[in-house]
Amino acid sequence: EVAVNEYAPGTSSAERPLHHEGFEYGVLIEGKLVVQIGDEEYQLRPGDLVSYNSGVPHRISNPGKRMARALWVNLDRAE
């Protein structure tokens, strides 16, 4: 699955980190995002790329004051 995801300021992908089968790749197009993967947090700026095993609890949030847009690729299984 390939999607452009938009996150309004102060929103997130879930209330708490979730996990599922697969693998994810994301590249931030505009704005700011924080990607929490397990116990680690990664601050993304435009052009930054993140990839992770979806089986690890994860959450994506927009701490900024502007809309954030990212291109996301979700694979059904870990490669």
# chains A, B, ... in the order shown; residues from 1 in each chain; ligands from 1

call {"tool": "residues_around", "arguments": {"residues": "stretch 4-21 of chain A", "least_positions_apart": "5", "cutoff": "7 Å", "atoms": "only C-alpha atoms", "output": "MDAnalysis selection string"}}
result
chainID A and resid 54:72 76:77

call {"tool": "write_last_selection", "arguments": {"atoms": "C-alpha atoms", "output": "PDB file, in the first residue's frame"}}
result
ATOM      1  CA  SER A  54       5.537  -2.781  11.949  1.00  0.00           C
ATOM      2  CA  GLY A  55       5.571  -5.527  14.600  1.00  0.00           C
ATOM      3  CA  VAL A  56       7.304  -3.041  16.912  1.00  0.00           C
ATOM      4  CA  PRO A  57       4.783  -0.697  18.575  1.00  0.00           C
ATOM      5  CA  HIS A  58       4.845   2.631  16.728  1.00  0.00           C
ATOM      6  CA  ARG A  59       3.048   5.970  16.611  1.00  0.00           C
ATOM      7  CA  ILE A  60       3.363   9.007  14.334  1.00  0.00           C
ATOM      8  CA  SER A  61       2.540  12.507  15.587  1.00  0.00           C
ATOM      9  CA  ASN A  62       2.707  16.104  14.384  1.00  0.00           C
ATOM     10  CA  PRO A  63       4.042  18.406  17.132  1.00  0.00           C
ATOM     11  CA  GLY A  64       4.295  21.357  14.738  1.00  0.00           C
ATOM     12  CA  LYS A  65       2.010  24.299  14.024  1.00  0.00           C
ATOM     13  CA  ARG A  66       1.539  23.414  10.325  1.00  0.00           C
ATOM     14  CA  MET A  67       0.111  20.476   8.416  1.00  0.00           C
ATOM     15  CA  ALA A  68       2.578  17.620   7.872  1.00  0.00           C
ATOM     16  CA  ARG A  69       2.506  15.421   4.760  1.00  0.00           C
ATOM     17  CA  ALA A  70       4.402  12.174   4.254  1.00  0.00           C
ATOM     18  CA  LEU A  71       4.609   9.490   1.597  1.00  0.00           C
ATOM     19  CA  TRP A  72       4.140   6.106   3.284  1.00  0.00           C
ATOM     20  CA  ASP A  76       2.132  -6.770   4.346  1.00  0.00           C
ATOM     21  CA  ARG A  77       5.123  -8.720   5.598  1.00  0.00           C
TER      22      ARG A  77
END

call {"tool": "closest_residue", "arguments": {"among": "A:Glu1, A:Glu40, A:Val35, A:Leu49", "to": "A:Gly22", "atoms": "only C-alpha atoms"}}
result
A:Glu1

call {"tool": "closest_residue", "arguments": {"among": "A:Tyr25, A:Lys32, A:Val73, A:Ile37", "to": "A:Ser51", "atoms": "only C-alpha atoms"}}
result
A:Tyr25

call {"tool": "closest_residue", "arguments": {"among": "A:Val2, A:Gly31, A:Glu24, A:Leu75", "to": "A:Gln43", "atoms": "only C-alpha atoms"}}
result
A:Gly31

call {"tool": "select_by_dssp", "arguments": {"residues": "stretch 19-73 of chain A", "states": "strand (DSSP E)", "output": "PyMOL selection string"}}
result
chain A and resi 23-30+33-37+40-44+49-53+58-61+68-73

call {"tool": "write_last_selection", "arguments": {"atoms": "N, CA and C atoms", "output": "compact mmCIF listing (two decimals), in the first residue's frame"}}
result
# COMPACT_ATOMS: atom_id res chain seq x y z
N PHE A 23 6.05 -4.17 7.26
CA PHE A 23 7.20 -3.27 7.30
C PHE A 23 6.75 -1.95 6.70
N GLU A 24 7.25 -0.83 7.22
CA GLU A 24 6.83 0.48 6.74
C GLU A 24 8.03 1.35 6.37
N TYR A 25 7.82 2.16 5.35
CA TYR A 25 8.78 3.16 4.92
C TYR A 25 8.03 4.47 4.80
N GLY A 26 8.61 5.56 5.30
CA GLY A 26 7.97 6.86 5.18
C GLY A 26 8.99 7.93 4.88
N VAL A 27 8.61 8.90 4.05
CA VAL A 27 9.46 10.05 3.79
C VAL A 27 8.61 11.31 4.00
N LEU A 28 9.13 12.22 4.80
CA LEU A 28 8.39 13.43 5.11
C LEU A 28 8.51 14.42 3.95
N ILE A 29 7.37 14.90 3.47
CA ILE A 29 7.32 15.84 2.36
C ILE A 29 7.34 17.27 2.88
N GLU A 30 6.52 17.55 3.90
CA GLU A 30 6.49 18.90 4.48
C GLU A 30 6.04 18.83 5.93
N LEU A 33 7.34 15.74 11.88
CA LEU A 33 6.72 14.56 12.48
C LEU A 33 7.66 13.98 13.52
N VAL A 34 7.05 13.37 14.53
CA VAL A 34 7.79 12.55 15.49
C VAL A 34 7.30 11.13 15.29
N VAL A 35 8.24 10.21 15.05
CA VAL A 35 7.90 8.81 14.89
C VAL A 35 8.45 8.07 16.10
N GLN A 36 7.54 7.50 16.88
CA GLN A 36 7.93 6.70 18.04
C GLN A 36 7.94 5.24 17.61
N ILE A 37 9.07 4.58 17.78
CA ILE A 37 9.22 3.16 17.44
C ILE A 37 9.79 2.49 18.68
N GLU A 40 12.12 4.43 21.31
CA GLU A 40 12.87 5.50 20.65
C GLU A 40 11.93 6.48 19.94
N GLU A 41 12.34 7.75 19.89
CA GLU A 41 11.59 8.76 19.14
C GLU A 41 12.52 9.39 18.11
N TYR A 42 12.00 9.59 16.91
CA TYR A 42 12.77 10.18 15.81
C TYR A 42 12.05 11.43 15.33
N GLN A 43 12.77 12.54 15.26
CA GLN A 43 12.24 13.81 14.78
C GLN A 43 12.50 13.88 13.28
N LEU A 44 11.45 13.96 12.48
CA LEU A 44 11.60 14.03 11.03
C LEU A 44 11.39 15.45 10.52
N LEU A 49 13.79 10.15 5.91
CA LEU A 49 13.19 8.85 5.64
C LEU A 49 13.26 8.01 6.90
N VAL A 50 12.21 7.24 7.16
CA VAL A 50 12.21 6.30 8.28
C VAL A 50 11.71 4.96 7.76
N SER A 51 12.24 3.87 8.30
CA SER A 51 11.75 2.53 7.97
C SER A 51 11.81 1.69 9.23
N TYR A 52 10.83 0.79 9.38
CA TYR A 52 10.79 -0.03 10.59
C TYR A 52 9.86 -1.23 10.40
N ASN A 53 10.10 -2.21 11.24
CA ASN A 53 9.25 -3.40 11.31
C ASN A 53 7.96 -3.00 12.02
N HIS A 58 4.44 1.36 17.33
CA HIS A 58 4.85 2.63 16.73
C HIS A 58 3.68 3.61 16.69
N ARG A 59 4.04 4.89 16.64
CA ARG A 59 3.05 5.97 16.61
C ARG A 59 3.67 7.16 15.90
N ILE A 60 2.89 7.85 15.10
CA ILE A 60 3.36 9.01 14.33
C ILE A 60 2.56 10.22 14.79
N SER A 61 3.26 11.32 15.12
CA SER A 61 2.54 12.51 15.59
C SER A 61 3.14 13.77 14.98
N ALA A 68 1.45 18.45 8.29
CA ALA A 68 2.58 17.62 7.87
C ALA A 68 2.06 16.61 6.84
N ARG A 69 2.86 16.40 5.79
CA ARG A 69 2.51 15.42 4.76
C ARG A 69 3.68 14.48 4.57
N ALA A 70 3.36 13.18 4.44
CA ALA A 70 4.40 12.17 4.25
C ALA A 70 3.93 11.13 3.26
N LEU A 71 4.87 10.62 2.49
CA LEU A 71 4.61 9.49 1.60
C LEU A 71 4.93 8.24 2.39
N TRP A 72 3.97 7.31 2.49
CA TRP A 72 4.14 6.11 3.28
C TRP A 72 3.93 4.87 2.42
N VAL A 73 4.80 3.89 2.61
CA VAL A 73 4.70 2.59 1.94
C VAL A 73 4.57 1.53 3.02
